[in-house]
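Here's the structure, in C-alpha cells; my notes come after.
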Amino acid sequence: MNPALRLFTGFFGWLFTLLLTGLIIACVAGLLVFDHYTKDLPDYSQLAEYDPPTVTRLYAADGKLLAEYATEKRVFVPLSSIPRRVSDAFIAAEDKNFYEHTGVDVGGIIRAVYTNISHYGQGKSLVGGSTITQQVVKNFLLTDEKSVERKIKEAILAMRISHVYSKDKILELYLNEIYLGLRSYGVAAAALNYFNKPLEELSVAEAALLAAQPKAPANYDPRRNPIAARERRDWVIRRMQEDGYITKAEADEALATPITLRAREPSEVARADFFAEEVRRWLAEHYGDNVLYEGGLVVKTTLQPTLQQIADGALRQALIQYDRKRGYRGPVKHLSSLAGWQEKLKEAQKQDLALIEGQKLAVVTGLEEKKALISFSDGEKGGIPFSLMRWTRRVIGDGLLGPEVRRPSDALSIGDIVIVSPLTPEQKKSLPESSAAQAWDLSQVPAVNGALVAMDPYTGRVLAMSGGYSAGNTEFNRATQAKRQPGSAFKPFVYLAGMESGFTPSTVVLDAPVEMSQGAGLPAWRPQNYKEEYLGPATLRVGLEKSRNTMTVRLSQMIGIDHIMEVGERLGIYDKLPRNFSIVLGAAETTLLRLTNAYCMLANGGKRLTPALIERVDDRHGKTVFRRDTRACSGCNVANLDQVAQEAAPPLPVDAREQVVDPRIAYQMVSMLEGVALRGTGARAHQVLQRPVAGKTGTTNNSMDTWFIGFTPDLVVGVYVGYDKPQTLGRKETGASVALPAFIDFMQPVLKDVPPQPFRVPGGIELVKVDLHSGQPVGDQAQVDGHNVIQEAFVTGEPLFIPGQPAWLQREEERKASAQLQPPPVPEAQPDVIMLEPLPEHAPAVVGTGKLY
C-alpha cells in the first residue's frame, strides 16, 4: 500500500476512533447527568388538576364591586374563553415555535446564544431562550434560582410534560399563571387591572402590551416607564405581523395607538371600608385565611351603596358639627419659613391623617382681610373665606375656648399646613359666585368618633354601616367593636318587661326621688333625673317620652330585675347581664349593632332577627356554600318560568323564625317610641321628617356616650357618638344634640321619595282615646291631637272587657280617684342624662315615699 495512503487512512481511523470514543463518553456522561438530575425531579402530575390561588371578591347588593382579597390577584379563564389575539400575542412574544417544538426550542437557544454574543459589551440585556413550556415548569415546579442545574431540570421537565399534556393545556396553564405586573396574575386579571376590560374586549395594541410584560414587568410598567413599555409593546406588534397573526393594516393601527390605562369607574365600585372589613373578618373566621385569600370566593353582601354613601356623609357631618363646637385645635404643622414649602408640604402629605375623600393639605401663604390665601403641592392656589372660619376659636383649656375670631389672622398664620375640604352646595350659595370658584373650607379631623348602622327590620340585612369618621388610619369598627353604655337607649326594654308583666302605657308610676340600699357599710344609690326635676305621678308613656330615670327604677322594682335581665338577653343586647339594678338605666356595655338589632325586633312585630352582612357565598366553581335566607319554599326553585301559569299565586316561603316578643306588646312599645319622636327627647326627628317615626335617645353619665336609635316601618337606624378614649362630650351634650342630627341627615335623603307609612297595627290591639297626661279615657267625642288626646294601644282579651271600657282601665280609674291624684303638669322633654354607678348583685330595698299607682 502506498505509504501516503496508509498514513491518510491511519489518521482518519485514529480520528474516527477518537470521535466515536468521545461520543460514547459523552453519551455515557449525558446518561449519568440525566440520571442524576431526574432522581429528585418534582411530580408534574399536579398540573393535571391545576387549582391556582384566585381572588375573593365582595359585591354590593346592586352588583358593584366592594372589595378584593388575594395573595395573587388572579381570575382563572379556560383557553377556550381566551381570544386568539391574546394567546397569539404571547406566542409571538415568548415562543414563536410553541406548537412545533417538544418543550425545548434548540433553534431558539442557538439564536439566543448568538444574539447575546453579538450584544456583548453593548450594555444590552441578555436574551433568554426559555419556551412557554419551560416557563410553566419554572413557575409551577421549580424556583427562580439562576443555575445550570435548574436549567437542566427545567429542560428535562419541559420535554416530559410536552409528551403528557397537550399544547393547549400548557398554554392555558401559562396564561393563567404568569405574573404581568400591577399585582396581576394571569391575563384576565391583567386585562381588568390595566384596562378595566374583559379579555374579549382587548384590542391588538392592548393584548400586545400585556404580552410585553412577562420579560420584565417592572421595566415595562407603563405608569413608571412609558417609553420602554411602548417600545416593547411595538416590538410585540411587529412580531405578531411577522408571524402572520395580524395584517400590516392591523399592525399599523396598533402601532399608532397610544397606551391608555383605565382604572375602574367610580360608578362601578362601592366604597364601604368598615363594612367590607367586617365581612372579611367573618369570612376568615368561618373559612380560614387560605380560602379567603386564595379560594376565589364570590360574596354577595347586603350593602346598598347609595345608603352607605348617605350614611358616611351623615355621620361625618354630625361629628364635624359637634367637633367645631369644641373649637380649633390648630394646624397640622407650622413652617417657620415658606422657603421650600412645596417639598415640606409633600413630606407632610405622607402622614396618616385620616383624610376623607376630597380633602387636601395646603399651606397658608398669605392673609387678607376677608380670606386666607393657600397653595397646594401641585402649584394650585385657592382661598379660605373668613365667613367659613368663624368657628375656629382656639381651645385654651379643658372645654374652654379662646376669644372670638374677628379676622383670618386670629385663626391662621402664614406657614400653617392645614386641612381643607371642597365647599358644600350650601356653602357655595353663601358666597359670591366670583369667590366661590377657588374657595375651600378649613377643616380638622374630629377628635370625637362614632358609628351609624342602617338595617332592614324584617330580614336583618345591614344596608349600611359606617364604623367611624374614616377607615384611613384604623380598622376599629365602632358599630361592632366599641362596647359602650347605652344609657337611656336601653330603657324601652325595661318598659317592654313591664308590658309583659301586665302594665300598660297608661299605667301611672310615681316620678320622685328614690333611694336604694346597697348593703351594710355602703352608701345608698340615689338615681336622679336631669336637673333633679320630677313629674310626680305620670303614665309610663310620659315617663319613657321624657326619659325619667326614677320612674324607670321604680318600674324595675315592681317587675323584678330578673325579668329585665331576661329581656336584654332574649333580644340579643347582651350575652350575660350582672344582677345589678343599674342595668335598667343602661349601665351594661353593648355595641351599636346589637342594640339596633334589638330595636329591629320591636319594629318587625317581635320576630327573632340576626344581623346579616352577607347574602350569599359561592365558591370558585359557582357552588353556593352559604345563604342568608334559609327559609323553606317548595315552589321557589322553578327551572322554567314559562311553564308557570300566569294566574298562579307566587310561592310563599315558610317563616319559621322564633317569636321573641308578643306582636301586640311589640306594637305597644313602637307606639310609645313614636311618642318619644313626636313629643319627647327625640321630637326633632318628627319635626324635620314629618312622617311616622319612632326612636329613643340615650346619654350616659357625664355625657360620655350619646345614642339615637330610630325607625320608620321599614328601616331602623342606630347612631352612636363618643370618644374612643372615654371622656365627656360636654355638660349639655345629649343624644338629642349629638347623635340625633346624624339620624335626621341620613333619613331625609333616604326617605325623600318614599310616601309616609303608618306603623302596622297587629290583631289583638285596641286603640282607645285617652288623655296623654293622665292615661284616662276621654270618650269617643274627643279629637285626637297627638298632644293632649292620643290613641293609646291596649292588648285585648286580657284582662276581660266590660261594655265600652276595659276592666283594667276602670280599676286604674278607681285607684286614681281613691288616691285623689290629679294629672301632673306637662313639662318640657328633658335630656336623658342618667347617673350610672355599679351596684352589688342583690335586690336592694326602696326607701322612697308616695304611692306607686
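Letters A, B, ... mark the chains of the C-alpha cells in the order given; residue numbers begin at 1 per chain; ligand numbers begin at 1, in order shown.
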Point to revise | For Thr365 (chain A): contacts at 6 Å, only C-alpha atoms, fewer than 4 positions along chain excluded, given as a PyMOL selection string | key: chain A and resi 373-374+414
**Study point:** Distance query Gln757 (chain A) at most 12 Å, only C-alpha atoms, self and fewer than 3 positions along chain excluded, as a count of residues only
**Key:** 13
Review point. Residues at most 12 Å from Asp289 (chain A), counting only C-alpha atoms, excluding those fewer than 5 positions away in the same chain, as a PyMOL selection string?
Key: chain A and resi 53+56+69-71+280-284+294-297
Practice item. Just the residues within 8 Å of region 241-244 of chain A, please, counting only C-alpha atoms, with nothing from its chain fewer than 4 positions along; format it as an MDAnalysis selection string. Key: chainID A and resid 92 96 237 248 251
